[in-house]
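Everything below concerns the one structure shown next.
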Amino acid sequence: MNPRTEPARAALGDGKLVPDKRRVILDAAVRVFARQGFHACRVSDIADEAGVAYGLVYHYFASKDEVLDTLFAERWNLMLELIREVDARSLPVREKLGAIASFIVDSYRHDPDVMKVIIVEVTRAANSFGQTHLNEIRTAYELIGDIVSKAQKDGSFRREIEPRFAAMAFYGAIEQLLTGWIFGLLPQGEAHFERAKWLVVETVCGGLEVPPRGAAATRSARSE
């Protein structure tokens, strides 16, 4: 699944395509929110960035808040759809978690401003938009937790680790990577993005997987 949302276009009578104004406004809002911060910008800033009349923004959205709500819902629902799709496939748990990690990292790689807005203005905004979208955020943890739980039942993952905790550790690790890239704390580039996917899966699965028979006893003997 492509993590990018392509601009919608409408056909005129002569067959020419013109940008969908609602999409243009949303794309402009992403740039403004990422550059100025949600609370520091005004609806007029979004209109100026989009090159549309101030009133046209209100034609499509009741408020600046609704613009942010829409941006979050679009991308978050794509992720939830991806998680459900991956979980429905007959894949080893590592591949399932790897696909989820890849989707999120690739979302940042292709649309860093969108991911910056989601992380900074929504999921980490506990007293405002994060609270508003708590159910959607919780759903992601639950879906990932279900993947972990199934792996525990089939003997792939250790049973003593709570699925919800494992899900939070998994998604939390990815979110910290995104935060590091957003604030310039971690190096970026194709190689770094690909390695980050592997590191997340390896770190989380390494702590969850049931060791091969005899491995625990060998470790214990070596520590004595």
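Residues are named by chain letter and number: chains run A, B, ... in the order of the structure tokens, numbers start at 1 in each chain, and ligands are numbered from 1 in the order shown.
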
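Counting only C-alpha atoms, stretch 130-140 of chain A has the following residues at most 9 Å away, ignoring those fewer than 4 positions along the same chain: Asp69, Phe72, Ala73, Trp76, Asn77, Met79, Leu80, Ile83, Glu121, Val122, Thr123, Arg124, Ala125, Ala126, Ile144, Gly145, Ala167 and Tyr171 of chain A.
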
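Of note, atom CA of A:Ala29 and atom CA of A:Leu68 are spaced 8.0 Å apart.
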
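The gap separating atom CA of A:Trp181 from atom CA of A:Leu97 is 20.8 Å, in Å to one decimal.
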
Let's see if you can do this: from backbone DSSP, list all alpha helix (DSSP H) residues in stretch 10-221 of chain A, as a ChimeraX atom specification.
/A:21-36,43-50,54-60,64-88,93-110,112-117,129-132,134-153,163-182,190-208,215-221

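With atom CA of A:Lys116 on one side and atom CA of A:Arg42 on the other, the separation reads 18.3 Å.
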
What's the 12 Å shell around A:Gly155, counting only C-alpha atoms, without same-chain residues fewer than 2 positions away, as number ranges by chain?
A: 92-93, 148-153, 157-160, 208-212

With N, CA, C and O atoms retained, export the selected residues as a CSV table (one decimal), in the first residue's frame.
```csv
chain,number,residue,atom,x,y,z
A,92,PRO,N,4.4,-15.0,9.1
A,92,PRO,CA,5.1,-15.0,10.4
A,92,PRO,C,5.0,-13.7,11.1
A,92,PRO,O,4.9,-12.6,10.4
A,93,VAL,N,4.9,-13.7,12.4
A,93,VAL,CA,4.7,-12.4,13.1
A,93,VAL,C,5.8,-11.4,12.8
A,93,VAL,O,5.5,-10.2,12.8
A,148,VAL,N,0.3,-9.7,18.5
A,148,VAL,CA,1.2,-10.2,19.5
A,148,VAL,C,0.5,-11.4,20.2
A,148,VAL,O,1.1,-12.4,20.4
A,149,SER,N,-0.8,-11.2,20.6
A,149,SER,CA,-1.5,-12.3,21.3
A,149,SER,C,-1.6,-13.5,20.5
A,149,SER,O,-1.4,-14.7,21.0
A,150,LYS,N,-1.8,-13.4,19.2
A,150,LYS,CA,-1.9,-14.6,18.3
A,150,LYS,C,-0.5,-15.3,18.2
A,150,LYS,O,-0.5,-16.5,18.2
A,151,ALA,N,0.5,-14.5,18.2
A,151,ALA,CA,1.9,-15.1,18.2
A,151,ALA,C,2.2,-15.8,19.5
A,151,ALA,O,2.9,-16.8,19.6
A,152,GLN,N,1.6,-15.3,20.6
A,152,GLN,CA,1.8,-16.0,21.9
A,152,GLN,C,1.0,-17.3,21.9
A,152,GLN,O,1.5,-18.3,22.4
A,153,LYS,N,-0.2,-17.3,21.3
A,153,LYS,CA,-0.9,-18.5,21.3
A,153,LYS,C,-0.3,-19.6,20.4
A,153,LYS,O,-0.5,-20.8,20.7
A,157,PHE,N,5.8,-16.2,20.5
A,157,PHE,CA,6.1,-15.1,21.5
A,157,PHE,C,5.9,-15.6,22.9
A,157,PHE,O,5.0,-16.5,23.1
A,158,ARG,N,6.7,-15.1,23.8
A,158,ARG,CA,6.5,-15.5,25.2
A,158,ARG,C,5.2,-15.0,25.8
A,158,ARG,O,4.8,-13.9,25.5
A,159,ARG,N,4.6,-15.8,26.6
A,159,ARG,CA,3.3,-15.5,27.1
A,159,ARG,C,3.2,-14.5,28.3
A,159,ARG,O,2.2,-13.9,28.6
A,160,GLU,N,4.4,-14.4,28.9
A,160,GLU,CA,4.4,-13.5,30.1
A,160,GLU,C,4.4,-12.0,29.9
A,160,GLU,O,4.2,-11.2,30.8
A,208,LEU,N,10.6,-10.6,22.6
A,208,LEU,CA,9.3,-11.3,22.8
A,208,LEU,C,9.4,-12.8,22.4
A,208,LEU,O,8.6,-13.6,22.8
A,209,GLU,N,10.3,-13.1,21.5
A,209,GLU,CA,10.3,-14.5,20.9
A,209,GLU,C,10.7,-15.5,21.9
A,209,GLU,O,11.6,-15.3,22.8
A,210,VAL,N,10.1,-16.7,21.8
A,210,VAL,CA,10.5,-17.8,22.7
A,210,VAL,C,11.8,-18.3,22.2
A,210,VAL,O,12.0,-18.6,21.0
A,211,PRO,N,12.8,-18.4,23.1
A,211,PRO,CA,14.2,-18.9,22.7
A,211,PRO,C,14.1,-20.3,22.3
A,211,PRO,O,13.3,-21.1,22.7
A,212,PRO,N,15.0,-20.7,21.4
A,212,PRO,CA,15.1,-22.2,21.0
A,212,PRO,C,15.3,-23.0,22.2
A,212,PRO,O,15.9,-22.6,23.2
```

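When only C-alpha atoms are used to measure the gap to A:Pro112, the shortest distance among A:Val57, A:Leu178, A:Leu82, A:Val204 belongs to A:Leu178.
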
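Residue nearest A:Gly51 within the list A:Val105, A:Ile25, A:Leu78, A:Val201: A:Ile25 [criterion: smallest interatomic distance, only C-alpha atoms].
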
Which residues are close to A:Val117, i.e. within 9 Å by only C-alpha atoms, leaving aside same-chain residues fewer than 2 positions away? Reply as a short mmCIF file (atom, residue, chain, number, x, y, z; two decimals) with all heavy atoms, in the first residue's frame.
```cif
data_model
loop_
_atom_site.label_atom_id
_atom_site.label_comp_id
_atom_site.auth_asym_id
_atom_site.auth_seq_id
_atom_site.Cartn_x
_atom_site.Cartn_y
_atom_site.Cartn_z
N VAL A 30 -1.15 21.17 5.79
CA VAL A 30 -0.02 20.36 6.26
C VAL A 30 1.25 21.20 6.29
O VAL A 30 1.99 21.21 7.28
CB VAL A 30 0.19 19.13 5.35
CG1 VAL A 30 1.53 18.46 5.64
CG2 VAL A 30 -0.93 18.13 5.54
N ARG A 31 1.51 21.93 5.22
CA ARG A 31 2.72 22.74 5.16
C ARG A 31 2.72 23.85 6.21
O ARG A 31 3.74 24.11 6.85
CB ARG A 31 2.87 23.34 3.75
CG ARG A 31 3.06 22.29 2.66
CD ARG A 31 3.44 22.91 1.34
NE ARG A 31 2.39 23.76 0.77
CZ ARG A 31 1.43 23.34 -0.02
NH1 ARG A 31 1.34 22.04 -0.33
NH2 ARG A 31 0.53 24.18 -0.51
N PHE A 33 0.90 23.95 9.11
CA PHE A 33 0.98 23.37 10.46
C PHE A 33 2.41 22.91 10.77
O PHE A 33 2.90 23.10 11.89
CB PHE A 33 0.03 22.18 10.59
CG PHE A 33 -1.43 22.53 10.54
CD1 PHE A 33 -2.39 21.55 10.26
CD2 PHE A 33 -1.87 23.81 10.77
CE1 PHE A 33 -3.74 21.85 10.21
CE2 PHE A 33 -3.23 24.14 10.72
CZ PHE A 33 -4.16 23.15 10.44
N ALA A 34 3.06 22.31 9.78
CA ALA A 34 4.42 21.82 10.00
C ALA A 34 5.40 22.98 10.18
O ALA A 34 6.34 22.90 10.98
CB ALA A 34 4.86 20.94 8.84
N GLY A 37 3.34 25.54 13.25
CA GLY A 37 2.66 24.95 14.40
C GLY A 37 1.18 25.23 14.32
O GLY A 37 0.76 26.31 13.87
N PHE A 38 0.38 24.27 14.76
CA PHE A 38 -1.08 24.41 14.64
C PHE A 38 -1.60 25.63 15.37
O PHE A 38 -2.39 26.42 14.83
CB PHE A 38 -1.76 23.14 15.17
CG PHE A 38 -3.26 23.26 15.24
CD1 PHE A 38 -4.03 23.12 14.11
CD2 PHE A 38 -3.90 23.52 16.46
CE1 PHE A 38 -5.41 23.24 14.17
CE2 PHE A 38 -5.27 23.64 16.52
CZ PHE A 38 -6.04 23.49 15.38
N LEU A 68 -7.33 19.89 10.95
CA LEU A 68 -6.37 18.99 11.59
C LEU A 68 -6.99 17.62 11.85
O LEU A 68 -6.34 16.59 11.65
CB LEU A 68 -5.87 19.60 12.90
CG LEU A 68 -4.84 18.76 13.68
CD1 LEU A 68 -3.62 18.46 12.82
CD2 LEU A 68 -4.43 19.49 14.96
N LEU A 71 -6.92 15.70 8.57
CA LEU A 71 -5.58 15.26 8.22
C LEU A 71 -5.17 14.04 9.04
O LEU A 71 -4.62 13.06 8.50
CB LEU A 71 -4.57 16.39 8.44
CG LEU A 71 -4.66 17.56 7.46
CD1 LEU A 71 -3.78 18.70 7.95
CD2 LEU A 71 -4.24 17.13 6.07
N PHE A 72 -5.45 14.08 10.33
CA PHE A 72 -5.10 12.95 11.19
C PHE A 72 -5.90 11.71 10.79
O PHE A 72 -5.33 10.62 10.65
CB PHE A 72 -5.38 13.29 12.65
CG PHE A 72 -5.27 12.11 13.56
CD1 PHE A 72 -4.04 11.62 13.96
CD2 PHE A 72 -6.42 11.45 14.00
CE1 PHE A 72 -3.93 10.51 14.79
CE2 PHE A 72 -6.33 10.34 14.82
CZ PHE A 72 -5.08 9.87 15.22
N PRO A 112 7.10 13.77 5.18
CA PRO A 112 7.58 14.12 6.52
C PRO A 112 6.73 15.19 7.21
O PRO A 112 6.55 15.13 8.43
CB PRO A 112 9.01 14.62 6.26
CG PRO A 112 9.06 14.96 4.81
CD PRO A 112 8.12 14.02 4.15
N ASP A 113 6.19 16.14 6.44
CA ASP A 113 5.38 17.19 7.07
C ASP A 113 4.10 16.61 7.67
O ASP A 113 3.68 17.01 8.76
CB ASP A 113 5.03 18.29 6.06
CG ASP A 113 6.19 19.23 5.79
OD1 ASP A 113 7.19 19.17 6.53
OD2 ASP A 113 6.08 20.05 4.85
N VAL A 114 3.47 15.68 6.95
CA VAL A 114 2.25 15.05 7.46
C VAL A 114 2.53 14.33 8.77
O VAL A 114 1.80 14.47 9.76
CB VAL A 114 1.66 14.06 6.43
CG1 VAL A 114 0.52 13.26 7.06
CG2 VAL A 114 1.15 14.80 5.21
N MET A 115 3.61 13.57 8.80
CA MET A 115 3.94 12.81 10.00
C MET A 115 4.35 13.73 11.14
O MET A 115 4.05 13.45 12.31
CB MET A 115 5.03 11.79 9.70
CG MET A 115 4.63 10.76 8.65
SD MET A 115 3.09 9.90 9.04
CE MET A 115 3.61 8.89 10.43
N ILE A 119 2.42 13.60 14.71
CA ILE A 119 3.15 13.32 15.95
C ILE A 119 3.10 14.50 16.90
O ILE A 119 2.75 14.36 18.09
CB ILE A 119 4.62 12.96 15.64
CG1 ILE A 119 4.70 11.67 14.81
CG2 ILE A 119 5.42 12.81 16.94
CD1 ILE A 119 4.19 10.44 15.51
N VAL A 120 3.45 15.68 16.40
CA VAL A 120 3.58 16.85 17.27
C VAL A 120 2.23 17.40 17.71
O VAL A 120 2.05 17.77 18.87
CB VAL A 120 4.41 17.94 16.57
CG1 VAL A 120 4.46 19.22 17.42
CG2 VAL A 120 5.83 17.45 16.30
N GLU A 121 1.29 17.48 16.77
CA GLU A 121 0.04 18.18 17.05
C GLU A 121 -1.09 17.27 17.52
O GLU A 121 -2.09 17.77 18.05
CB GLU A 121 -0.43 18.95 15.80
CG GLU A 121 0.59 19.89 15.21
CD GLU A 121 0.91 21.08 16.12
OE1 GLU A 121 0.23 21.24 17.16
OE2 GLU A 121 1.82 21.86 15.79
N VAL A 122 -0.95 15.94 17.35
CA VAL A 122 -2.06 15.06 17.72
C VAL A 122 -1.63 14.02 18.75
O VAL A 122 -2.03 14.08 19.91
CB VAL A 122 -2.68 14.37 16.48
CG1 VAL A 122 -3.86 13.49 16.92
CG2 VAL A 122 -3.14 15.40 15.47
#
```

For A:Glu66, which residue among A:Ser156, A:Phe165, A:His110, A:Val43 is the nearest when counting only C-alpha atoms?
A:Val43

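The residues of stretch 4-202 of chain A that DSSP assigns to strand (DSSP E) on this backbone come out as Arg9, Ala10, Ala11, Leu17, Val18 and Pro19 of chain A.
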
File dump, residues just selected, N, CA, C and O atoms, as an mmCIF file, in the first residue's frame:
```cif
data_model
loop_
_atom_site.group_PDB
_atom_site.id
_atom_site.type_symbol
_atom_site.label_atom_id
_atom_site.label_comp_id
_atom_site.auth_asym_id
_atom_site.auth_seq_id
_atom_site.Cartn_x
_atom_site.Cartn_y
_atom_site.Cartn_z
ATOM 1 N N ARG A 9 -8.308 14.998 -8.218
ATOM 2 C CA ARG A 9 -8.532 15.930 -9.302
ATOM 3 C C ARG A 9 -9.914 15.688 -9.892
ATOM 4 O O ARG A 9 -10.399 14.571 -9.947
ATOM 5 N N ALA A 10 -10.537 16.767 -10.322
ATOM 6 C CA ALA A 10 -11.870 16.678 -10.901
ATOM 7 C C ALA A 10 -11.786 16.999 -12.386
ATOM 8 O O ALA A 10 -10.987 17.835 -12.816
ATOM 9 N N ALA A 11 -12.618 16.364 -13.195
ATOM 10 C CA ALA A 11 -12.600 16.563 -14.634
ATOM 11 C C ALA A 11 -13.563 17.671 -15.025
ATOM 12 O O ALA A 11 -14.698 17.747 -14.544
ATOM 13 N N LEU A 17 -8.093 18.163 -16.286
ATOM 14 C CA LEU A 17 -8.159 17.894 -14.860
ATOM 15 C C LEU A 17 -7.720 19.128 -14.080
ATOM 16 O O LEU A 17 -6.748 19.792 -14.435
ATOM 17 N N VAL A 18 -8.450 19.436 -13.029
ATOM 18 C CA VAL A 18 -8.085 20.552 -12.156
ATOM 19 C C VAL A 18 -7.976 20.018 -10.732
ATOM 20 O O VAL A 18 -8.694 19.081 -10.351
ATOM 21 N N PRO A 19 -7.068 20.588 -9.934
ATOM 22 C CA PRO A 19 -6.920 20.121 -8.557
ATOM 23 C C PRO A 19 -8.213 20.287 -7.760
ATOM 24 O O PRO A 19 -8.919 21.284 -7.895
#
```

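Comparing A:Gln188, A:Leu199, A:Leu56, A:Phe193 by their smallest distance to A:Phe103, the closest is A:Phe193 (using only C-alpha atoms).
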
Which residue out of A:Val67, A:Ala101, A:Leu143, A:Val200 has the minimum interatomic distance to A:Phe129 when only C-alpha atoms are used?
A:Val67

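Proximity to A:Ala28 was assessed for A:Glu95, A:Ala47, A:Cys41, A:Tyr54 counting only C-alpha atoms; the smallest distance is recorded for A:Ala47.
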